[in-house]
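So this block is start.cif, mmCIF, C-alpha atoms:
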```
data_input
#
loop_
_atom_site.label_atom_id
_atom_site.label_comp_id
_atom_site.auth_asym_id
_atom_site.auth_seq_id
_atom_site.Cartn_x
_atom_site.Cartn_y
_atom_site.Cartn_z
CA MET A 1338 -36.24 1.29 -41.79
CA THR A 1339 -36.19 -0.59 -38.50
CA ARG A 1340 -32.80 -1.94 -39.44
CA ARG A 1341 -31.40 1.54 -40.02
CA PHE A 1342 -32.91 2.61 -36.77
CA LEU A 1343 -31.29 -0.23 -34.88
CA ASP A 1344 -27.94 0.42 -36.48
CA GLY A 1345 -28.07 3.95 -35.17
CA ALA A 1346 -29.02 2.81 -31.71
CA VAL A 1347 -26.23 0.24 -31.63
CA LEU A 1348 -23.77 2.91 -32.73
CA VAL A 1349 -24.83 5.19 -29.92
CA MET A 1350 -24.57 2.40 -27.38
CA ALA A 1351 -21.09 1.58 -28.62
CA VAL A 1352 -19.97 5.19 -28.37
CA ALA A 1353 -21.49 5.44 -24.90
CA ALA A 1354 -19.61 2.34 -23.82
CA MET A 1355 -16.38 3.72 -25.24
CA LEU A 1356 -16.83 7.00 -23.47
CA ALA A 1357 -17.73 5.28 -20.24
CA THR A 1358 -14.41 3.47 -20.46
CA VAL A 1359 -12.54 6.68 -21.16
CA THR A 1360 -14.24 8.46 -18.30
CA THR A 1361 -13.55 5.64 -15.89
CA GLY A 1362 -9.92 5.86 -16.84
CA VAL A 1363 -9.81 9.58 -16.26
CA ALA A 1364 -11.61 9.41 -12.97
CA GLY A 1365 -10.16 6.33 -11.43
CA GLN A 1366 -7.09 4.91 -13.11
CA ALA A 1367 -5.73 8.16 -14.44
CA ALA A 1368 -2.13 8.14 -15.55
CA GLN A 1369 -1.52 4.73 -17.08
CA ALA A 1370 -4.74 4.90 -19.15
CA THR A 1371 -4.02 8.34 -20.61
CA PRO A 1372 -2.72 8.22 -24.18
CA GLN A 1373 0.05 10.51 -25.25
CA THR A 1374 -0.92 14.00 -26.34
CA PRO A 1375 -0.26 14.35 -30.08
CA ARG A 1376 1.55 17.44 -31.32
CA LEU A 1377 1.76 19.40 -34.54
CA ALA A 1378 5.04 19.96 -36.37
CA ASP A 1379 5.61 23.18 -34.42
CA GLY A 1380 5.55 21.24 -31.16
CA HIS A 1381 2.26 22.60 -29.86
CA PRO A 1382 -0.45 20.20 -28.77
CA ASP A 1383 -2.73 19.09 -31.59
CA LEU A 1384 -6.20 20.40 -30.77
CA ASN A 1385 -7.79 19.27 -34.02
CA GLY A 1386 -10.95 17.25 -33.74
CA LEU A 1387 -14.47 17.08 -32.41
CA TRP A 1388 -14.48 17.80 -28.71
CA TYR A 1389 -17.61 16.60 -27.07
CA ARG A 1390 -18.74 18.20 -23.86
CA ARG A 1391 -21.56 15.82 -23.09
CA VAL A 1392 -20.44 12.43 -21.88
CA PRO A 1393 -21.90 10.11 -22.93
CA PRO A 1394 -23.61 11.52 -26.02
CA VAL A 1395 -26.83 13.05 -24.92
CA PRO A 1396 -29.39 11.69 -24.56
CA PRO A 1397 -28.60 8.26 -23.14
CA VAL A 1398 -30.38 5.50 -24.98
CA GLN A 1399 -31.60 2.04 -24.11
CA GLN A 1400 -32.56 -0.46 -26.75
CA THR A 1401 -35.46 -2.80 -26.13
CA GLY A 1402 -36.12 -5.23 -28.93
CA GLY A 1403 -36.87 -3.17 -32.00
CA SER A 1404 -37.58 -0.08 -29.95
CA ILE A 1405 -35.56 2.70 -28.45
CA ILE A 1406 -35.97 4.49 -25.16
CA VAL A 1407 -34.30 7.81 -24.51
CA THR A 1408 -33.79 7.74 -20.78
CA ASN A 1409 -33.91 10.60 -18.39
CA VAL A 1410 -31.24 9.15 -16.16
CA PRO A 1411 -27.71 9.38 -17.51
CA ILE A 1412 -26.15 5.93 -17.72
CA ASN A 1413 -23.92 5.30 -14.70
CA ARG A 1414 -24.38 8.93 -13.77
CA ILE A 1415 -21.45 9.93 -15.95
CA PRO A 1416 -21.10 13.71 -15.72
CA SER A 1417 -22.67 15.51 -18.61
CA ALA A 1418 -23.47 19.01 -19.70
CA LEU A 1419 -26.73 18.61 -17.83
CA ASP A 1420 -24.82 18.56 -14.58
CA TYR A 1421 -22.80 21.65 -15.38
CA ARG A 1422 -23.61 24.62 -13.22
CA ALA A 1423 -21.72 27.78 -14.05
CA GLY A 1424 -22.76 29.55 -10.88
CA MET A 1425 -23.33 33.26 -10.38
CA PRO A 1426 -20.97 35.98 -11.61
CA PRO A 1427 -19.90 38.63 -9.09
CA TYR A 1428 -22.35 41.35 -10.12
CA LYS A 1429 -22.19 44.77 -8.58
CA PRO A 1430 -24.70 44.73 -5.71
CA GLU A 1431 -26.89 47.39 -7.29
CA LEU A 1432 -27.34 45.19 -10.38
CA LEU A 1433 -28.52 42.04 -8.62
CA ALA A 1434 -32.12 43.17 -8.75
CA LYS A 1435 -31.87 43.48 -12.53
CA VAL A 1436 -30.46 39.96 -12.79
CA LYS A 1437 -33.30 38.67 -10.65
CA GLU A 1438 -35.92 40.44 -12.71
CA LEU A 1439 -34.48 39.14 -15.97
CA ASP A 1440 -34.31 35.65 -14.49
CA GLN A 1441 -37.95 35.78 -13.40
CA ASN A 1442 -38.95 36.91 -16.88
CA GLN A 1443 -36.51 34.62 -18.65
CA VAL A 1444 -39.05 33.21 -21.11
CA LYS A 1445 -39.71 36.74 -22.33
CA GLU A 1446 -36.21 38.16 -22.09
CA ASP A 1447 -33.69 35.44 -22.95
CA PRO A 1448 -32.51 36.17 -26.51
CA THR A 1449 -31.54 32.57 -27.25
CA LEU A 1450 -35.13 31.38 -26.85
CA ALA A 1451 -35.94 33.28 -30.02
CA CYS A 1452 -33.05 31.60 -31.85
CA ALA A 1453 -30.55 34.44 -31.33
CA PRO A 1454 -26.83 33.56 -31.17
CA PRO A 1455 -25.82 32.42 -27.67
CA GLY A 1456 -22.51 34.28 -27.73
CA VAL A 1457 -19.27 33.59 -25.89
CA PRO A 1458 -19.01 32.04 -23.31
CA ARG A 1459 -22.59 30.79 -23.21
CA ILE A 1460 -22.14 28.79 -26.40
CA GLY A 1461 -19.83 26.59 -24.37
CA PRO A 1462 -16.46 24.99 -25.08
CA PRO A 1463 -15.13 24.50 -28.61
CA GLN A 1464 -16.90 21.74 -30.47
CA ARG A 1465 -14.88 21.23 -33.68
CA ILE A 1466 -11.37 22.64 -34.02
CA PHE A 1467 -9.30 22.98 -37.18
CA GLN A 1468 -5.77 24.06 -36.27
CA THR A 1469 -2.84 25.31 -38.31
CA ALA A 1470 0.51 26.73 -37.24
CA LYS A 1471 -0.84 30.28 -37.36
CA ASP A 1472 -4.51 30.08 -36.43
CA LEU A 1473 -7.38 27.84 -35.58
CA ALA A 1474 -11.05 27.76 -36.43
CA ILE A 1475 -13.64 26.77 -33.87
CA LEU A 1476 -16.96 25.52 -35.20
CA TYR A 1477 -20.11 25.22 -33.17
CA GLU A 1478 -23.26 23.29 -33.96
CA ASP A 1479 -25.81 24.94 -31.75
CA LEU A 1480 -29.57 24.72 -31.39
CA ASN A 1481 -29.70 28.22 -32.79
CA GLY A 1482 -27.46 27.62 -35.78
CA ASN A 1483 -23.87 27.06 -36.86
CA PHE A 1484 -21.39 29.56 -35.50
CA PHE A 1485 -17.63 29.89 -35.90
CA ARG A 1486 -14.63 31.76 -34.60
CA VAL A 1487 -11.32 32.22 -36.42
CA VAL A 1488 -8.57 32.66 -33.84
CA PRO A 1489 -5.03 33.78 -34.82
CA THR A 1490 -2.23 32.17 -32.79
CA ASP A 1491 0.71 33.90 -34.49
CA GLY A 1492 0.75 37.14 -32.55
CA ARG A 1493 -1.73 39.11 -34.60
CA PRO A 1494 -3.57 41.69 -32.47
CA HIS A 1495 -7.31 42.09 -32.14
CA ARG A 1496 -8.89 43.53 -35.25
CA LYS A 1497 -10.07 47.11 -34.92
CA ASN A 1498 -12.15 47.36 -38.07
CA ILE A 1499 -14.96 44.95 -37.35
CA GLU A 1500 -18.34 45.45 -35.75
CA ALA A 1501 -19.06 44.06 -32.32
CA SER A 1502 -20.72 40.65 -32.38
CA ALA A 1503 -22.19 37.92 -30.20
CA HIS A 1504 -19.02 35.85 -30.35
CA GLY A 1505 -16.58 38.74 -30.37
CA ASP A 1506 -13.08 38.95 -31.78
CA SER A 1507 -10.55 36.39 -30.59
CA VAL A 1508 -6.78 36.10 -30.55
CA ALA A 1509 -4.72 33.43 -28.85
CA HIS A 1510 -1.24 32.58 -27.62
CA TRP A 1511 0.43 29.54 -26.14
CA ASP A 1512 1.28 29.46 -22.45
CA GLY A 1513 3.37 26.30 -22.46
CA ASP A 1514 0.95 23.59 -23.61
CA THR A 1515 -2.11 25.66 -22.80
CA LEU A 1516 -3.79 27.69 -25.53
CA VAL A 1517 -5.06 30.98 -24.12
CA ILE A 1518 -7.81 32.65 -26.16
CA GLU A 1519 -8.73 36.24 -25.43
CA ALA A 1520 -11.99 37.57 -26.84
CA ASN A 1521 -13.47 41.06 -26.83
CA ASN A 1522 -15.59 43.33 -29.04
CA PHE A 1523 -18.90 41.87 -27.96
CA THR A 1524 -22.36 43.30 -28.33
CA GLU A 1525 -24.41 43.49 -25.16
CA ASP A 1526 -27.23 41.49 -26.75
CA THR A 1527 -26.34 38.07 -25.33
CA TRP A 1528 -26.52 36.56 -21.88
CA LEU A 1529 -23.83 34.60 -20.03
CA GLY A 1530 -26.26 31.88 -18.96
CA ASP A 1531 -29.91 30.96 -18.57
CA ASN A 1532 -30.65 32.98 -15.51
CA GLY A 1533 -30.70 36.61 -16.50
CA LEU A 1534 -26.92 36.87 -16.61
CA PHE A 1535 -26.65 40.01 -18.68
CA HIS A 1536 -23.41 41.81 -19.51
CA SER A 1537 -22.23 45.03 -21.11
CA ASP A 1538 -20.23 45.66 -24.26
CA GLN A 1539 -17.14 45.79 -22.04
CA LEU A 1540 -17.25 42.00 -21.75
CA ARG A 1541 -13.91 40.21 -22.09
CA VAL A 1542 -13.52 36.44 -22.02
CA THR A 1543 -10.32 34.48 -21.54
CA GLU A 1544 -10.46 30.77 -22.34
CA ARG A 1545 -7.74 28.27 -21.55
CA LEU A 1546 -7.59 25.01 -23.50
CA ARG A 1547 -5.30 22.22 -22.39
CA ARG A 1548 -5.24 18.82 -24.05
CA THR A 1549 -4.15 15.76 -22.11
CA GLY A 1550 -4.34 12.59 -24.17
CA ASN A 1551 -7.82 12.42 -25.62
CA THR A 1552 -9.42 14.83 -23.21
CA MET A 1553 -9.25 18.59 -23.10
CA THR A 1554 -9.99 20.98 -20.26
CA TRP A 1555 -11.77 24.23 -21.00
CA GLU A 1556 -11.67 27.06 -18.50
CA ALA A 1557 -13.20 30.47 -19.02
CA THR A 1558 -12.72 33.64 -17.06
CA VAL A 1559 -15.21 36.41 -17.71
CA GLU A 1560 -14.52 40.06 -16.98
CA ASP A 1561 -16.89 42.98 -17.34
CA PRO A 1562 -15.90 46.03 -15.28
CA GLU A 1563 -19.23 47.67 -16.09
CA VAL A 1564 -21.27 45.05 -14.27
CA PHE A 1565 -18.92 42.83 -12.21
CA VAL A 1566 -16.91 43.68 -9.13
CA GLY A 1567 -14.21 41.27 -10.29
CA PRO A 1568 -13.43 38.40 -12.65
CA TRP A 1569 -15.85 35.48 -12.87
CA LYS A 1570 -14.03 32.18 -13.19
CA MET A 1571 -16.40 29.60 -14.61
CA PRO A 1572 -15.99 26.02 -13.41
CA PRO A 1573 -13.81 24.05 -15.86
CA ARG A 1574 -15.32 21.56 -18.25
CA THR A 1575 -13.69 18.40 -19.52
CA LEU A 1576 -14.17 17.53 -23.19
CA THR A 1577 -13.69 14.17 -24.85
CA LEU A 1578 -12.24 13.64 -28.33
CA LEU A 1579 -14.60 11.78 -30.62
CA THR A 1580 -13.10 10.32 -33.76
CA ASP A 1581 -16.02 8.49 -35.38
CA VAL A 1582 -18.49 11.34 -35.69
CA ASP A 1583 -18.20 14.92 -36.88
CA ILE A 1584 -20.04 18.18 -36.58
CA GLU A 1585 -23.07 18.63 -38.81
CA GLU A 1586 -25.03 21.53 -40.20
CA ALA A 1587 -27.54 22.75 -37.65
CA ALA A 1588 -31.17 22.61 -38.65
CA PHE A 1589 -33.07 25.84 -39.18
CA CYS A 1590 -34.13 27.41 -35.89
CA GLU A 1591 -37.67 28.72 -35.58
CA ASP A 1592 -39.32 29.14 -32.22
CA ARG A 1593 -43.06 28.48 -32.07
CA ASP A 1594 -43.55 28.39 -28.31
CA LEU A 1595 -42.74 31.78 -26.86
CA SER A 1596 -45.97 33.40 -28.00
CA ARG A 1597 -47.90 30.53 -26.48
CA MET A 1598 -46.36 30.59 -23.01
CA LYS A 1599 -49.09 30.61 -20.37
CA ASP A 1600 -46.81 31.62 -17.53
CA LEU A 1601 -43.17 32.34 -16.72
CA THR A 1602 -42.07 28.73 -16.19
CA HIS A 1603 -38.31 28.63 -16.64
CA HIS A 1604 -37.14 27.44 -20.02
CA GLY A 1605 -33.83 25.57 -19.69
CA ASN A 1606 -31.07 25.98 -22.27
CA THR A 1607 -28.31 23.53 -21.47
CA ARG A 1608 -25.27 23.93 -23.70
CA MET B 1364 -47.50 12.87 -48.61
CA ARG B 1365 -50.80 11.14 -48.49
CA HIS B 1366 -53.11 12.14 -45.71
CA SER B 1367 -55.06 9.56 -43.82
CA PHE B 1368 -57.93 10.41 -41.57
CA ARG B 1369 -59.01 6.94 -40.52
CA ALA B 1370 -57.44 7.43 -37.20
CA LEU B 1371 -59.13 7.77 -33.88
CA LEU B 1372 -58.50 9.86 -30.81
CA ILE B 1373 -58.94 7.28 -28.08
CA ALA B 1374 -58.18 8.58 -24.64
CA ILE B 1375 -57.13 11.32 -22.33
CA PHE B 1376 -55.48 10.33 -19.12
CA CYS B 1377 -54.54 12.39 -16.14
CA LEU B 1378 -51.48 10.75 -14.68
CA MET B 1379 -48.65 11.44 -12.33
CA PRO B 1380 -46.36 14.25 -13.41
CA VAL B 1381 -43.89 12.95 -15.93
CA ILE B 1382 -40.25 12.91 -14.98
CA ARG B 1383 -38.38 15.12 -17.34
CA GLY B 1384 -34.77 16.03 -17.45
CA LEU B 1385 -33.27 16.13 -20.87
CA ALA B 1386 -35.59 18.25 -22.94
CA HIS B 1387 -34.32 21.51 -24.36
CA HIS B 1388 -36.61 23.41 -22.07
CA SER B 1389 -39.14 23.02 -19.36
CA ILE B 1390 -42.35 22.58 -21.25
CA GLY B 1391 -44.61 23.61 -18.41
CA GLY B 1392 -45.11 27.07 -19.82
CA VAL B 1393 -46.83 25.64 -22.88
CA PHE B 1394 -47.77 22.03 -22.26
CA GLU B 1395 -49.66 20.23 -19.51
CA GLU B 1396 -47.00 18.01 -18.01
CA SER B 1397 -49.42 16.40 -15.57
CA LYS B 1398 -51.70 15.15 -18.34
CA GLN B 1399 -51.29 12.62 -21.06
CA MET B 1400 -53.21 11.92 -24.22
CA VAL B 1401 -52.97 9.11 -26.70
CA LEU B 1402 -53.56 10.12 -30.29
CA LYS B 1403 -53.97 7.64 -33.10
CA GLY B 1404 -53.41 8.92 -36.56
CA THR B 1405 -51.16 9.14 -39.55
CA LEU B 1406 -48.03 11.22 -39.80
CA THR B 1407 -48.51 13.72 -42.59
CA LYS B 1408 -45.37 15.83 -42.20
CA ILE B 1409 -42.21 16.14 -40.16
CA GLU B 1410 -40.43 19.47 -39.82
CA TRP B 1411 -36.88 18.60 -38.78
CA ILE B 1412 -36.09 21.99 -37.24
CA ASN B 1413 -34.74 23.49 -34.03
CA PRO B 1414 -35.24 24.15 -31.22
CA HIS B 1415 -37.88 21.45 -31.59
CA ILE B 1416 -38.78 18.95 -34.26
CA HIS B 1417 -42.46 19.17 -35.19
CA LEU B 1418 -44.56 16.17 -36.18
CA PHE B 1419 -47.98 16.56 -37.77
CA VAL B 1420 -50.51 13.80 -37.14
CA ALA B 1421 -53.88 13.58 -38.90
CA VAL B 1422 -56.44 12.40 -36.40
CA THR B 1423 -60.16 11.66 -36.58
CA GLU B 1424 -61.69 12.55 -33.25
CA PRO B 1425 -64.55 10.61 -31.65
CA ASP B 1426 -67.13 13.02 -33.07
CA GLY B 1427 -65.79 12.40 -36.55
CA LYS B 1428 -64.10 15.76 -36.83
CA LYS B 1429 -60.78 15.62 -38.59
CA THR B 1430 -57.92 17.53 -37.06
CA THR B 1431 -54.19 17.78 -37.49
CA TRP B 1432 -52.14 17.77 -34.32
CA GLU B 1433 -48.76 19.49 -34.21
CA ILE B 1434 -46.47 17.61 -31.86
CA GLU B 1435 -43.11 18.88 -30.65
CA THR B 1436 -40.15 16.85 -29.62
CA PHE B 1437 -36.38 17.10 -29.10
CA PRO B 1438 -34.06 19.28 -31.15
CA THR B 1439 -32.48 17.67 -34.18
CA ASN B 1440 -29.00 17.07 -32.82
CA TRP B 1441 -30.34 15.30 -29.74
CA MET B 1442 -32.32 12.96 -31.94
CA ARG B 1443 -29.29 12.30 -34.09
CA LYS B 1444 -27.13 11.55 -31.08
CA ALA B 1445 -29.77 9.16 -29.83
CA GLY B 1446 -29.59 7.34 -33.15
CA ILE B 1447 -33.08 8.43 -34.16
CA SER B 1448 -33.36 9.59 -37.75
CA LYS B 1449 -36.12 11.49 -39.47
CA ALA B 1450 -36.76 8.40 -41.58
CA ALA B 1451 -37.10 6.24 -38.46
CA VAL B 1452 -39.71 8.61 -37.05
CA TRP B 1453 -41.53 8.81 -40.37
CA GLY B 1454 -41.79 5.03 -40.53
CA ASN B 1455 -44.19 3.86 -43.20
CA ALA B 1456 -46.37 6.95 -43.12
CA GLU B 1457 -46.30 7.15 -46.89
CA ALA B 1458 -48.44 4.01 -46.92
CA GLY B 1459 -50.80 5.53 -44.40
CA GLU B 1460 -49.80 3.48 -41.38
CA VAL B 1461 -51.56 4.49 -38.16
CA VAL B 1462 -49.32 5.32 -35.24
CA ALA B 1463 -50.20 5.74 -31.59
CA VAL B 1464 -48.67 8.83 -30.03
CA ASN B 1465 -48.36 9.43 -26.30
CA VAL B 1466 -48.19 13.14 -25.61
CA ASN B 1467 -48.54 15.88 -23.06
CA PRO B 1468 -51.24 18.13 -24.49
CA SER B 1469 -50.97 21.86 -24.82
CA ARG B 1470 -52.45 23.81 -21.92
CA ASP B 1471 -54.85 25.21 -24.50
CA LEU B 1472 -56.42 22.09 -25.99
CA SER B 1473 -58.01 24.05 -28.81
CA GLU B 1474 -54.54 24.51 -30.28
CA HIS B 1475 -54.28 20.80 -31.11
CA ARG B 1476 -50.66 20.85 -30.11
CA ALA B 1477 -48.74 18.55 -27.82
CA TYR B 1478 -45.32 17.40 -26.65
CA LEU B 1479 -44.16 13.93 -27.67
CA LEU B 1480 -43.48 11.19 -25.15
CA ARG B 1481 -43.60 8.08 -27.35
CA ILE B 1482 -44.62 7.08 -30.84
CA THR B 1483 -45.65 3.46 -31.40
CA TYR B 1484 -45.83 1.84 -34.82
CA PRO B 1485 -48.22 -0.86 -36.06
CA ASP B 1486 -45.67 -3.67 -35.62
CA GLY B 1487 -45.29 -2.70 -31.96
CA HIS B 1488 -41.87 -1.10 -32.03
CA PHE B 1489 -41.70 2.38 -30.59
CA ILE B 1490 -39.53 5.43 -30.09
CA HIS B 1491 -39.73 6.74 -26.56
CA VAL B 1492 -38.20 10.18 -26.26
CA THR B 1493 -38.99 11.42 -22.78
CA GLY B 1494 -40.96 10.73 -19.63
CA ASP B 1495 -41.14 7.70 -17.38
CA PRO B 1496 -41.93 4.63 -19.52
CA ALA B 1497 -43.70 3.02 -16.56
CA LYS B 1498 -46.21 5.85 -16.38
CA LEU B 1499 -47.35 5.96 -19.96
CA ALA B 1500 -50.99 5.65 -20.85
CA ALA B 1501 -51.96 2.45 -22.69
CA THR B 1502 -52.23 2.82 -26.44
CA ASN B 1503 -54.80 0.09 -27.06
#
```

Show me the file's structure as structure tokens.
Amino acid sequence: MTRRFLDGAVLVMAVAAMLATVTTGVAGQAAQATPQTPRLADGHPDLNGLWYRRVPPVPPVQQTGGSIIVTNVPINRIPSALDYRAGMPPYKPELLAKVKELDQNQVKEDPTLACAPPGVPRIGPPQRIFQTAKDLAILYEDLNGNFFRVVPTDGRPHRKNIEASAHGDSVAHWDGDTLVIEANNFTEDTWLGDNGLFHSDQLRVTERLRRTGNTMTWEATVEDPEVFVGPWKMPPRTLTLLTDVDIEEAAFCEDRDLSRMKDLTHHGNTR
Amino acid sequence: MRHSFRALLIAIFCLMPVIRGLAHHSIGGVFEESKQMVLKGTLTKIEWINPHIHLFVAVTEPDGKKTTWEIETFPTNWMRKAGISKAAVWGNAEAGEVVAVNVNPSRDLSEHRAYLLRITYPDGHFIHVTGDPAKLAATN
């Protein structure tokens, strides 16, 4: 048992070291360290793979003898999802009070705390991509379950015969080497982030994916004319290709804390 | 799974607030982050679920009363990415081994629930999942 345990810890350390190397290359030595971007037969960048948004794999781990310590301080302060701050969308002034009230009551109001789907864009960047010449599938392993999106890239329009959903309906096109995904047909049941960031069913999300070597940049622009005064451009996130692990089935989600909350202490939901 | 109640609840410590950064959520709404307890008992069940894994520890308290504590910890994918498997947490519980568990207790102690900081096995190896290792209560 201890042996299996150590093997796992060693694996994580090895992956962390690998990612640290990759990140150093991206940050400091850039061009010469960047591998070539692979392409599919149609010439478009190959986006297949597991794209990890937390670098190194969260949580960082230290091994001490036969024991393992999950640290609270990211190794070498490599940027991770924990450092990501999406900021505040440009809400109409008359709606700011509602955002504040929802934020203050987040432990009662945030749908994801009760295992509801996070929705786009809160679910974050793509995790696992399967790509063909005419479409791609994006898989997500989330705390709240496994979710997926099937995204046509061959010019098909948005479907008109499906119900609105948390993750909407997506279509995509290529803008040079950048894949542009446009999603609509959302319910208004999700939030855009932890802090009371509600939206209407007029939500539209445009994501731009650009692969460079073994990293990919994800940018999302959120529009909702019902509640925003203009587009909300989320800060970009850089994803790293992992080749030795794959997405797994999410465990069953069942919250047992909400009914036991003694106060309104904020309940973080990093994704 | 065989239950073992030969364990002993040994101490409650009030310590410095525990540094916390990676947990799925701030636990302050449910658990007492400024307090620590050390439970000694036998794992009787692990529910490997989200958003928190739940461990069940059979404990015999100082007055002889037998209780089962439900202890929460990270979500499953965080454990996996840390290289911590369900089997590693379970250890040799089937044989009734007694583990020492550092926790933050629930704000309502009558619930017999807590949030895991570290679990230490009879041979001394441990799994430390959150909190400042230098500020843990002694387990012996």

Counting only C-alpha atoms, the residue among B:Thr1430, B:Thr1407, B:Ser1469, B:Thr1493 that lies closest to chain A is B:Thr1493

Run the PyMOL selection byres ((chain A and resi 1556) around 12) mentally over the shown coordinates, then write out the matched residues as number ranges by chain, using the chain letters and numbers from the document. A: 1423, 1458, 1461-1463, 1515-1519, 1542-1548, 1553-1555, 1557-1559, 1569-1576

I'd like the residues picked by the PyMOL selection byres ((chain B) within 9 of (chain A)) written out as a short mmCIF file (atom, residue, chain, number, x, y, z; two decimals) with C-alpha atoms, in the coordinates of the input, using the chain letters and numbers from the file.
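Here's the written file out-v7.cif:
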```cif
data_model
loop_
_atom_site.label_atom_id
_atom_site.label_comp_id
_atom_site.auth_asym_id
_atom_site.auth_seq_id
_atom_site.Cartn_x
_atom_site.Cartn_y
_atom_site.Cartn_z
CA ILE B 1382 -40.25 12.91 -14.98
CA ARG B 1383 -38.38 15.12 -17.34
CA GLY B 1384 -34.77 16.03 -17.45
CA LEU B 1385 -33.27 16.13 -20.87
CA ALA B 1386 -35.59 18.25 -22.94
CA HIS B 1387 -34.32 21.51 -24.36
CA HIS B 1388 -36.61 23.41 -22.07
CA SER B 1389 -39.14 23.02 -19.36
CA ILE B 1390 -42.35 22.58 -21.25
CA GLY B 1391 -44.61 23.61 -18.41
CA GLY B 1392 -45.11 27.07 -19.82
CA VAL B 1393 -46.83 25.64 -22.88
CA PHE B 1394 -47.77 22.03 -22.26
CA TRP B 1411 -36.88 18.60 -38.78
CA ILE B 1412 -36.09 21.99 -37.24
CA ASN B 1413 -34.74 23.49 -34.03
CA PRO B 1414 -35.24 24.15 -31.22
CA HIS B 1415 -37.88 21.45 -31.59
CA PRO B 1438 -34.06 19.28 -31.15
CA THR B 1439 -32.48 17.67 -34.18
CA ASN B 1440 -29.00 17.07 -32.82
CA TRP B 1441 -30.34 15.30 -29.74
CA MET B 1442 -32.32 12.96 -31.94
CA ARG B 1443 -29.29 12.30 -34.09
CA LYS B 1444 -27.13 11.55 -31.08
CA ALA B 1445 -29.77 9.16 -29.83
CA GLY B 1446 -29.59 7.34 -33.15
CA ILE B 1447 -33.08 8.43 -34.16
CA SER B 1448 -33.36 9.59 -37.75
CA ALA B 1450 -36.76 8.40 -41.58
CA ALA B 1451 -37.10 6.24 -38.46
CA GLY B 1454 -41.79 5.03 -40.53
CA ASN B 1455 -44.19 3.86 -43.20
CA ARG B 1470 -52.45 23.81 -21.92
CA ASP B 1471 -54.85 25.21 -24.50
CA ARG B 1481 -43.60 8.08 -27.35
CA THR B 1483 -45.65 3.46 -31.40
CA GLY B 1487 -45.29 -2.70 -31.96
CA HIS B 1488 -41.87 -1.10 -32.03
CA PHE B 1489 -41.70 2.38 -30.59
CA ILE B 1490 -39.53 5.43 -30.09
CA HIS B 1491 -39.73 6.74 -26.56
CA VAL B 1492 -38.20 10.18 -26.26
CA THR B 1493 -38.99 11.42 -22.78
CA GLY B 1494 -40.96 10.73 -19.63
CA ASP B 1495 -41.14 7.70 -17.38
CA PRO B 1496 -41.93 4.63 -19.52
#
```

(request) Would you kindly translate the PyMOL selection byres ((chain B and resi 1466) around 10) into the concrete residues it picks from this file, as a ChimeraX atom specification? (result) /B:1375,1394-1396,1398-1402,1434-1436,1463-1465,1467-1469,1476-1482,1493-1494,1499-1500

For CA of Thr1405 (chain B) and CA of His1417 (chain B), the interatomic separation in Å (one decimal):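 Computing it gives 14.0 Å between the two atoms.
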
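Across the model, the gap from CA of Tyr1428 (chain A) to CA of Asn1522 (chain A) is 20.2 Å.
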
Fill in: 6 Å contact set for region 1418-1423 of chain B, only C-alpha atoms, chain neighbours under 5 positions out, as a PyMOL selection string
chain B and resi 1368+1370-1371+1404-1409+1428-1434

Step by step, gather every atom of region 1529-1534 of chain A that the file lists, find the box along x, y and z that holds them, add 8 Å on each side, and finally give centre and edge lengths in Å to one decimal, as JSON.
```
{"center_x": -27.3, "center_y": 33.9, "center_z": -17.8, "size_x": 22.9, "size_y": 21.9, "size_z": 20.5}
```

One decimal place gives the CA of Arg1376 (chain A)-CA of Thr1552 (chain A) separation as 13.9 Å

- Shell around region 1383-1385 of chain A at 6 Å using all atoms listed in the file, local window under 2 positions removed, as a PyMOL selection string: chain A and resi 1375-1377+1466-1468

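Of the residues under consideration (A:Asp1512, A:Asp1506, A:Glu1446, A:Glu1500), A:Asp1506 shows the shortest atom-to-atom contact distance to Arg1486 (chain A) when counting all atoms listed in the file.
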
Note to self: Which residues are close to Val1564 (chain A), i.e. within 7 Å by all atoms listed in the file, leaving aside same-chain residues fewer than 5 positions away? Reply as a PyMOL selection string.
What the structure shows: chain A and resi 1428-1429+1536-1537

For the selection just defined, write its residues with C-alpha atoms to a file, as a PDB file, in the frame of the given file.
```pdb
ATOM      1  CA  TYR A1428     -22.350  41.350 -10.120  1.00  0.00           C
ATOM      2  CA  LYS A1429     -22.190  44.770  -8.580  1.00  0.00           C
ATOM      3  CA  HIS A1536     -23.410  41.810 -19.510  1.00  0.00           C
ATOM      4  CA  SER A1537     -22.230  45.030 -21.110  1.00  0.00           C
TER       5      SER A1537
END
```
